[in-house]
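Structure file upload28.cif with mmCIF, C-alpha atoms and all ligand atoms:
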data_coords
#
loop_
_atom_site.label_atom_id
_atom_site.label_comp_id
_atom_site.auth_asym_id
_atom_site.auth_seq_id
_atom_site.Cartn_x
_atom_site.Cartn_y
_atom_site.Cartn_z
CA MET G 1450 108.31 149.96 154.13
CA ALA G 1451 107.45 153.07 152.09
CA SER G 1452 106.92 152.42 148.38
CA MET G 1453 107.96 154.74 145.57
CA ILE G 1454 104.26 155.60 145.05
CA ASP G 1455 104.05 156.95 148.65
CA GLY G 1456 106.53 159.67 147.69
CA PHE G 1457 104.28 160.74 144.84
CA ARG G 1458 101.33 160.98 147.24
CA ASP G 1459 103.20 162.79 150.01
CA ALA G 1460 100.85 165.31 151.66
CA ASP G 1461 103.60 167.82 152.56
CA ILE G 1462 104.99 167.83 149.02
CA CYS G 1463 101.45 168.35 147.68
CA LYS G 1464 100.82 171.23 150.12
CA ASN G 1465 104.05 172.93 149.05
CA LEU G 1466 103.18 172.50 145.40
CA LEU G 1467 99.74 173.98 146.02
CA LYS G 1468 101.26 176.99 147.80
CA GLN G 1469 103.53 177.56 144.81
CA ILE G 1470 100.62 177.17 142.38
CA GLU G 1471 98.55 179.72 144.38
CA LYS G 1472 101.48 182.15 144.37
CA GLU G 1473 102.29 181.85 140.67
CA ALA G 1474 98.77 181.60 139.22
CA THR G 1475 98.34 185.36 138.91
CA LYS G 1476 96.31 185.50 135.69
CA ASP G 1477 92.49 185.60 135.64
CA ILE G 1478 92.21 182.12 134.18
CA TYR G 1479 94.39 179.19 133.21
CA ARG G 1480 92.65 176.48 131.23
CA PHE G 1481 94.36 173.12 130.88
CA MET G 1482 93.14 169.93 129.22
CA GLU G 1483 94.09 166.43 130.28
CA VAL G 1484 93.98 164.37 127.10
CA CYS G 1485 94.20 160.96 128.72
CA GLY G 1486 91.27 159.15 130.36
CA SER G 1487 93.57 157.74 133.06
CA HIS G 1488 94.51 161.32 134.01
CA THR G 1489 90.81 162.22 134.13
CA MET G 1490 90.27 159.38 136.60
CA ALA G 1491 93.37 160.24 138.67
CA ILE G 1492 92.43 163.96 138.86
CA ALA G 1493 88.93 163.01 140.04
CA LYS G 1494 90.11 160.30 142.43
CA PHE G 1495 92.60 162.56 144.23
CA GLY G 1496 90.20 165.54 144.27
CA ILE G 1497 92.74 167.71 142.44
CA LYS G 1498 90.12 170.11 141.03
CA SER G 1499 88.71 170.82 144.48
CA ILE G 1500 92.07 171.88 145.94
CA LEU G 1501 93.22 174.09 143.06
CA PRO G 1502 92.61 177.86 143.04
CA SER G 1503 89.39 178.78 141.21
CA ASN G 1504 91.27 180.45 138.34
CA ILE G 1505 92.65 177.07 137.23
CA ASP G 1506 90.19 175.22 135.06
CA LEU G 1507 90.87 171.58 134.18
CA VAL G 1508 88.87 170.09 131.32
CA SER G 1509 88.84 166.54 130.02
CA GLY G 1510 89.65 165.62 126.44
CA PRO G 1511 89.13 162.78 123.98
CA GLY G 1512 91.57 160.28 125.53
CA CYS G 1513 89.14 157.57 126.58
CA PRO G 1514 89.31 154.98 123.78
CA VAL G 1515 86.06 153.26 124.68
CA CYS G 1516 84.25 156.64 124.70
CA VAL G 1517 85.45 157.69 121.23
CA THR G 1518 84.60 154.40 119.51
CA PRO G 1519 81.58 155.07 117.27
CA GLN G 1520 78.27 153.43 118.06
CA CYS G 1521 78.18 151.52 114.75
CA GLU G 1522 81.53 149.87 115.61
CA ILE G 1523 80.26 148.86 119.06
CA ASP G 1524 77.14 147.43 117.40
CA ALA G 1525 79.36 145.59 114.89
CA LEU G 1526 80.97 143.78 117.83
CA PHE G 1527 77.53 142.69 119.06
CA ASP G 1528 76.76 141.41 115.56
CA ILE G 1529 79.93 139.28 115.80
CA VAL G 1530 78.79 137.93 119.20
CA GLN G 1531 75.49 136.94 117.59
CA GLN G 1532 77.39 135.09 114.88
CA GLY G 1533 78.73 132.80 117.62
CA ALA G 1534 82.33 133.93 118.05
CA ILE G 1535 84.16 133.76 121.37
CA ILE G 1536 84.89 137.33 122.48
CA ALA G 1537 88.08 138.06 124.43
CA THR G 1538 87.99 141.55 125.90
CA PHE G 1539 89.31 143.83 128.60
CA GLY G 1540 86.78 144.38 131.37
CA ASP G 1541 85.84 147.97 130.57
CA MET G 1542 84.07 146.97 127.34
CA MET G 1543 81.61 144.73 129.18
CA ARG G 1544 78.91 147.32 129.86
CA VAL G 1545 79.34 149.66 126.91
CA PRO G 1546 75.80 150.00 125.57
CA GLY G 1547 74.74 149.20 122.02
CA ALA G 1548 72.18 151.24 120.10
CA ASN G 1549 69.45 148.86 121.30
CA GLY G 1550 70.57 148.77 124.93
CA GLU G 1551 72.43 145.46 124.76
CA ASN G 1552 75.96 145.04 126.15
CA LEU G 1553 78.53 142.25 126.40
CA GLN G 1554 77.69 141.54 130.04
CA LYS G 1555 74.03 141.04 129.21
CA MET G 1556 74.88 138.91 126.18
CA LYS G 1557 77.18 136.77 128.34
CA SER G 1558 74.40 136.24 130.88
CA GLU G 1559 72.21 135.10 127.98
CA GLY G 1560 74.74 132.48 126.90
CA ALA G 1561 77.27 134.27 124.66
CA ASP G 1562 80.88 133.19 125.16
CA VAL G 1563 82.45 136.47 126.33
CA ARG G 1564 85.69 136.20 128.31
CA ILE G 1565 87.55 138.95 130.16
CA VAL G 1566 91.28 138.80 129.44
CA PHE G 1567 94.23 140.76 130.80
CA SER G 1568 96.50 140.62 127.77
CA PRO G 1569 96.04 140.11 124.01
CA LEU G 1570 98.17 136.99 124.43
CA ASP G 1571 95.33 135.40 126.44
CA ALA G 1572 93.30 135.45 123.22
CA ILE G 1573 96.00 133.41 121.45
CA LYS G 1574 95.76 130.79 124.18
CA ILE G 1575 91.97 130.63 123.83
CA ALA G 1576 92.24 130.28 120.04
CA GLU G 1577 94.76 127.46 120.37
CA GLU G 1578 92.35 125.53 122.58
CA THR G 1579 89.26 125.77 120.34
CA ASP G 1580 88.12 125.41 116.74
CA LYS G 1581 85.68 128.27 117.18
CA GLU G 1582 86.40 131.79 115.97
CA VAL G 1583 87.95 134.01 118.65
CA VAL G 1584 87.72 137.80 118.43
CA PHE G 1585 89.97 139.99 120.54
CA VAL G 1586 88.56 143.46 121.21
CA GLY G 1587 91.58 145.54 120.26
CA ILE G 1588 90.99 149.07 121.48
CA GLY G 1589 93.11 152.01 122.57
CA PHE G 1590 95.69 154.46 121.31
CA GLU G 1591 99.43 154.09 120.71
CA THR G 1592 99.68 152.59 124.20
CA THR G 1593 97.87 149.37 123.37
CA ALA G 1594 98.54 149.26 119.62
CA PRO G 1595 101.94 147.47 119.90
CA ALA G 1596 100.47 144.65 122.00
CA VAL G 1597 97.43 144.32 119.71
CA ALA G 1598 99.68 144.35 116.64
CA GLY G 1599 101.87 141.79 118.42
CA LEU G 1600 98.85 139.50 118.64
CA ALA G 1601 98.48 139.58 114.84
CA LEU G 1602 102.22 138.97 114.42
CA ILE G 1603 102.18 135.94 116.72
CA ALA G 1604 99.00 134.55 115.15
CA LYS G 1605 100.64 134.79 111.72
CA GLN G 1606 103.89 133.19 112.93
CA LYS G 1607 101.97 130.32 114.54
CA GLY G 1608 99.58 129.95 111.60
CA ILE G 1609 96.52 130.48 113.84
CA LYS G 1610 93.55 131.05 111.56
CA ASN G 1611 90.62 131.22 114.00
CA ILE G 1612 91.52 134.56 115.56
CA SER G 1613 90.76 138.13 114.57
CA ILE G 1614 90.81 141.60 116.11
CA THR G 1615 88.40 144.53 116.12
CA PRO G 1616 90.20 147.37 114.32
CA TYR G 1617 89.34 150.02 116.92
CA ASN G 1618 92.84 151.43 117.55
CA LYS G 1619 93.30 155.16 117.04
CA THR G 1620 96.24 157.56 117.13
CA MET G 1621 96.80 160.81 118.99
CA PRO G 1622 98.56 163.32 116.67
CA GLU G 1623 95.54 163.90 114.46
CA VAL G 1624 93.01 164.46 117.26
CA LEU G 1625 95.49 166.78 118.97
CA GLY G 1626 95.69 168.70 115.68
CA LEU G 1627 91.92 169.03 115.71
CA LEU G 1628 91.92 170.37 119.28
CA LEU G 1629 94.65 172.87 118.43
CA ALA G 1630 92.59 174.22 115.54
CA ASP G 1631 89.48 174.60 117.72
CA ASP G 1632 89.11 178.28 118.70
CA LYS G 1633 86.18 177.46 120.93
CA LEU G 1634 88.43 175.58 123.36
CA ASN G 1635 90.77 178.32 124.52
CA ILE G 1636 93.31 176.00 126.09
CA ASN G 1637 96.59 177.23 127.62
CA GLY G 1638 98.22 173.85 127.99
CA PHE G 1639 97.87 170.10 127.85
CA VAL G 1640 98.52 167.46 130.49
CA CYS G 1641 99.86 164.96 127.99
CA PRO G 1642 99.28 161.20 128.17
CA GLY G 1643 102.13 159.37 129.87
CA HIS G 1644 101.63 155.92 128.39
CA VAL G 1645 101.04 157.13 124.82
CA THR G 1646 104.26 159.17 125.05
CA ALA G 1647 106.15 156.08 126.25
CA VAL G 1648 105.60 154.85 122.67
CA THR G 1649 105.56 158.04 120.59
CA GLY G 1650 108.12 160.19 122.40
CA LEU G 1651 107.93 163.93 123.09
CA ASN G 1652 107.98 164.84 119.38
CA LEU G 1653 104.23 164.28 119.36
CA TYR G 1654 103.77 167.58 121.19
CA ARG G 1655 105.81 169.87 118.95
CA PRO G 1656 102.62 171.26 117.29
CA ILE G 1657 101.22 172.18 120.72
CA VAL G 1658 104.31 174.16 121.62
CA GLU G 1659 104.42 175.79 118.18
CA ALA G 1660 100.80 176.86 118.69
CA GLY G 1661 101.83 178.68 121.90
CA MET G 1662 100.61 176.24 124.50
CA ALA G 1663 102.26 174.26 127.25
CA ALA G 1664 102.70 170.49 126.97
CA VAL G 1665 103.69 168.45 130.00
CA VAL G 1666 103.83 164.66 129.97
CA THR G 1667 103.11 163.34 133.40
CA GLY G 1668 102.25 160.39 135.61
CA PHE G 1669 99.11 159.61 137.53
CA GLU G 1670 99.92 160.47 141.15
CA PRO G 1671 99.02 163.75 142.90
CA VAL G 1672 102.62 165.03 142.94
CA ASP G 1673 102.95 164.24 139.20
CA ILE G 1674 99.77 166.13 138.36
CA LEU G 1675 100.41 169.15 140.61
CA THR G 1676 103.99 169.49 139.34
CA SER G 1677 102.67 169.50 135.79
CA ILE G 1678 100.09 172.17 136.55
CA LEU G 1679 102.79 174.32 138.14
CA GLU G 1680 105.05 173.82 135.10
CA MET G 1681 102.22 174.84 132.74
CA ILE G 1682 101.43 177.95 134.82
CA GLN G 1683 105.10 178.94 134.66
CA GLN G 1684 105.18 178.42 130.87
CA VAL G 1685 102.01 180.50 130.41
CA ASN G 1686 103.39 183.28 132.65
CA SER G 1687 106.71 183.41 130.81
CA GLY G 1688 105.27 182.84 127.32
CA GLU G 1689 108.08 180.34 126.72
CA TYR G 1690 106.53 177.07 125.70
CA LYS G 1691 108.21 173.69 125.55
CA ALA G 1692 107.29 170.02 125.80
CA VAL G 1693 108.41 168.76 129.19
CA ASN G 1694 108.77 165.16 130.29
CA ASN G 1695 107.60 165.08 133.90
CA TYR G 1696 107.30 161.28 133.83
CA SER G 1697 110.88 160.28 133.10
CA ARG G 1698 110.63 157.33 135.51
CA VAL G 1699 108.52 155.64 132.81
CA VAL G 1700 108.80 157.70 129.61
CA ALA G 1701 111.94 158.19 127.51
CA ASP G 1702 111.97 161.50 125.58
CA GLU G 1703 112.42 159.61 122.31
CA GLY G 1704 109.68 157.05 123.09
CA ASN G 1705 110.02 153.39 122.16
CA TRP G 1706 111.14 152.80 118.56
CA LYS G 1707 110.65 149.03 118.84
CA ALA G 1708 106.98 149.48 119.78
CA ARG G 1709 106.54 151.92 116.86
CA GLU G 1710 108.17 149.39 114.52
CA ILE G 1711 105.70 146.68 115.58
CA ILE G 1712 102.77 149.06 114.94
CA ASP G 1713 104.17 149.98 111.51
CA THR G 1714 104.67 146.31 110.57
CA VAL G 1715 101.03 145.41 111.07
CA TYR G 1716 99.08 148.63 110.60
CA GLU G 1717 98.79 151.52 108.21
CA LYS G 1718 97.17 154.87 108.86
CA GLN G 1719 93.58 155.33 107.79
CA GLY G 1720 90.96 157.98 108.42
CA CYS G 1721 88.33 156.99 110.98
CA TRP G 1722 85.29 158.21 112.89
CA TRP G 1723 85.49 159.35 116.50
CA ARG G 1724 82.25 159.29 118.45
CA GLY G 1725 80.93 162.78 119.03
CA ILE G 1726 83.88 164.32 117.21
CA GLY G 1727 83.57 163.18 113.61
CA PHE G 1728 85.83 161.83 110.90
CA ILE G 1729 89.54 162.57 111.38
CA LYS G 1730 91.92 161.93 108.51
CA ASP G 1731 94.71 159.40 109.23
CA SER G 1732 93.69 158.97 112.86
CA GLY G 1733 92.98 155.23 112.74
CA LEU G 1734 95.08 152.10 112.39
CA ALA G 1735 93.97 149.69 109.67
CA PHE G 1736 95.51 146.26 109.06
CA LYS G 1737 97.94 146.17 106.16
CA ALA G 1738 97.05 143.80 103.31
CA GLU G 1739 99.31 141.02 104.68
CA TYR G 1740 97.45 141.15 108.04
CA LYS G 1741 93.96 141.85 106.71
CA GLU G 1742 92.90 138.27 107.57
CA TYR G 1743 92.95 139.38 111.25
CA ASP G 1744 90.43 142.19 110.75
CA ALA G 1745 87.33 140.96 112.58
CA PHE G 1746 85.00 143.41 110.81
CA ASP G 1747 86.15 142.04 107.45
CA LYS G 1748 86.04 138.42 108.52
CA PHE G 1749 82.48 138.65 109.90
CA ARG G 1750 81.26 141.02 107.18
CA VAL G 1751 79.58 143.33 109.67
CA SER G 1752 77.73 146.47 108.73
CA LEU G 1753 79.33 149.72 109.83
CA GLU G 1754 76.36 151.91 109.23
CA GLY G 1755 74.31 153.65 111.83
CA ASP G 1756 73.93 156.81 113.77
CA ASP G 1757 76.15 157.90 116.64
CA GLU G 1758 73.44 160.04 118.14
CA ILE G 1759 72.04 158.92 121.49
CA GLU G 1760 69.13 161.15 122.43
CA GLY G 1761 70.11 163.63 125.11
CA CYS G 1762 73.68 162.30 125.50
CA MET G 1763 76.33 165.02 125.29
CA CYS G 1764 79.38 162.72 125.19
CA GLY G 1765 80.63 164.53 122.08
CA ASP G 1766 80.75 167.89 123.87
CA VAL G 1767 82.35 166.26 126.93
CA LEU G 1768 85.03 164.60 124.77
CA LYS G 1769 85.82 167.88 123.00
CA GLY G 1770 86.14 169.70 126.33
CA TYR G 1771 83.20 172.01 125.56
CA ILE G 1772 81.26 171.04 128.68
CA LYS G 1773 81.86 169.36 132.03
CA PRO G 1774 80.01 166.03 132.54
CA THR G 1775 77.74 167.63 135.15
CA GLU G 1776 76.48 170.05 132.48
CA CYS G 1777 74.81 167.17 130.62
CA THR G 1778 71.13 167.23 131.57
CA LEU G 1779 71.09 163.42 131.94
CA PHE G 1780 74.07 163.30 134.33
CA GLY G 1781 73.16 161.54 137.58
CA SER G 1782 69.47 161.25 136.73
CA GLY G 1783 68.80 159.65 133.35
CA CYS G 1784 72.41 158.47 133.12
CA VAL G 1785 74.19 156.67 135.97
CA PRO G 1786 76.86 153.93 135.92
CA GLU G 1787 74.28 151.20 136.65
CA ASN G 1788 72.15 152.45 133.77
CA PRO G 1789 74.49 154.35 131.41
CA VAL G 1790 73.19 156.25 128.42
CA GLY G 1791 76.57 157.02 126.82
CA PRO G 1792 80.00 155.39 126.96
CA CYS G 1793 81.54 158.26 128.98
CA MET G 1794 79.51 157.02 131.96
CA VAL G 1795 80.52 153.39 131.67
CA SER G 1796 84.17 153.33 130.67
CA SER G 1797 86.73 153.07 133.47
CA GLU G 1798 88.38 156.12 131.86
CA GLY G 1799 85.24 158.07 131.03
CA ALA G 1800 84.90 161.67 132.24
CA CYS G 1801 81.25 161.18 133.25
CA ALA G 1802 82.09 158.00 135.18
CA ALA G 1803 84.93 159.84 136.96
CA ALA G 1804 82.70 162.80 137.86
CA TYR G 1805 79.94 160.50 139.10
CA LYS G 1806 82.22 158.25 141.14
CA TYR G 1807 84.30 160.94 142.81
CA GLY G 1808 81.98 163.95 142.69
S1 LIG P 1 76.18 161.96 131.53
FE1 LIG P 1 75.66 160.17 130.29
S2 LIG P 1 74.36 160.95 128.70
FE2 LIG P 1 75.44 162.70 129.56
S3 LIG P 1 77.30 162.93 128.34
FE3 LIG P 1 77.82 161.63 130.05
S4 LIG P 1 77.54 159.55 129.26
FE4 LIG P 1 76.44 160.92 127.84
#
Let me see the structure of the file written as structure tokens.
Ligand code: SF4
Amino acid sequence: MASMIDGFRDADICKNLLKQIEKEATKDIYRFMEVCGSHTMAIAKFGIKSILPSNIDLVSGPGCPVCVTPQCEIDALFDIVQQGAIIATFGDMMRVPGANGENLQKMKSEGADVRIVFSPLDAIKIAEETDKEVVFVGIGFETTAPAVAGLALIAKQKGIKNISITPYNKTMPEVLGLLLADDKLNINGFVCPGHVTAVTGLNLYRPIVEAGMAAVVTGFEPVDILTSILEMIQQVNSGEYKAVNNYSRVVADEGNWKAREIIDTVYEKQGCWWRGIGFIKDSGLAFKAEYKEYDAFDKFRVSLEGDDEIEGCMCGDVLKGYIKPTECTLFGSGCVPENPVGPCMVSSEGACAAAYKYG
């Protein structure tokens, strides 16, 4: 039986979309950025760049949460491991390298208690079964923030004291603002993150439209992505920009107010550092005073000092869309997934990992 996904991978629909794109892409160049790391992976996996006309340039943006987490915060997690805590994490943090080459996988093989979980709630279960400190690696954007905040809410309700969370979560509006102000980028439109929008709603993209660029929220299948590219081409050609929801099977235009309420209950906005990008005002989520006891960095008194620079690594330029991963001199030689130099090569949503895996 055909699944719904099959329809979004239909070869004939894709061919027709491509024909339309070729016909309507009459300008010298169209430059679009996909903000979300999952889109970067999907575009690479389905070979979208290779089938598009050469005057359509797709660049990756800063939407891989693991990639934008500063080195000192990654090293702070390793400090917590060394203090003997149980670490509960999603799988893609396992091989993110520390400043001294260590990673969670290596630490686990040397005896650290590092467990891969599939939901923040798994961390609650672990904490209930032990007296040891459990640290959940909370990471992501608005997509994961409600579930991570939910962990703190449940822990508080249940009176669980031996659990805490790394305060890695970041938010999209501020980094989008930074991209919009960057003259160097020359972007005509954004493929906007589907899952983030499921929480925030389309309002998030008003500044993009006001700046005279296209904004299309879309899913992760070839038909989703090609339809979005066609929509952006049409907006650029007409000069009439609007935020379009091309992922209405998952995303409501107004987002999810309940999820936003959970975030606002637990977190408050705070400026934070983005690896390779710098400090962005109000772009981080910090625990409010009543939930501060769940801040792992506070609880373990870790140092957050250190340099983000990794010699030769150009993750910052990749994350800002200045260069393609293959333009980094270490790509594929000094830096490969088995021996990554920067996080963009190791994260499951990293642009360098996508380019290496799918070519
Ligand atoms: S190829 Fe490796 S070193 Fe170069 S930018 Fe990507 S992650 Fe960094």
* To do: Can you pull out every residue within 10 Å of Pro1569 (chain G), counting all atoms listed in the file, but drop anything in the same chain fewer than 5 positions away, and send it as a count of residues only?
  => 15
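Considering the residues G:Ala1708, G:Ala1664, G:Cys1513, G:Met1556 and counting all atoms listed in the file, Arg1544 (chain G) has its shortest atom-to-atom contact with G:Met1556.
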* To do: Set the cut-off to 8 Å, count only C-alpha atoms and all ligand atoms, and list whatever residues fall near ligand LIG 1 (chain P) as an MDAnalysis selection string.
  => chainID G and resid 1759 1761:1767 1774:1781 1783:1785 1789:1795 1800:1802
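Computed from the coordinates, the CA of Ile1612 (chain G) to CA of Lys1718 (chain G) distance equals 22.1 Å.
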* Asked: Can you tell me, as an MDAnalysis selection string, what residues are no more than 8 Å from Gly1533 (chain G) when counting only C-alpha atoms, ignoring any on the same chain fewer than 2 positions away?
  -> chainID G and resid 1529:1531 1535 1561:1562 1582
Generate a file of the selected residues that holds C-alpha atoms, formatted as a PDB file, in the coordinates of the input.
ATOM      1  CA  ILE G1529      79.930 139.280 115.800  1.00  0.00           C
ATOM      2  CA  VAL G1530      78.790 137.930 119.200  1.00  0.00           C
ATOM      3  CA  GLN G1531      75.490 136.940 117.590  1.00  0.00           C
ATOM      4  CA  ILE G1535      84.160 133.760 121.370  1.00  0.00           C
ATOM      5  CA  ALA G1561      77.270 134.270 124.660  1.00  0.00           C
ATOM      6  CA  ASP G1562      80.880 133.190 125.160  1.00  0.00           C
ATOM      7  CA  GLU G1582      86.400 131.790 115.970  1.00  0.00           C
TER       8      GLU G1582
END
* **Residue neighbourhood Arg1655 (chain G), 10 Å, all atoms listed in the file, exclusion window fewer than 2 positions, as a list in words** => Leu1651, Asn1652, Leu1653, Ile1657, Val1658, Glu1659, Ala1660, Met1662, Ala1664, Tyr1690, Lys1691 and Ala1692 of chain G
* Counting only C-alpha atoms, the residue of G:Ser1752, G:Leu1768, G:Gln1520, G:Val1685 that sits nearest Glu1798 (chain G) -> G:Leu1768
* Using CA of Asp1580 (chain G) and CA of Arg1564 (chain G) as the two end points, give the distance in Å to one decimal. =>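 Between these atoms lies a distance of 16.0 Å.
Across the structure, CA of Tyr1740 (chain G) and CA of Gly1720 (chain G) are spaced 18.0 Å apart.
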* Using all atoms listed in the file, which of G:Asp1731, G:Asp1528, G:Glu1710, G:Asp1673 sits nearest Ser1697 (chain G)? -> G:Asp1673
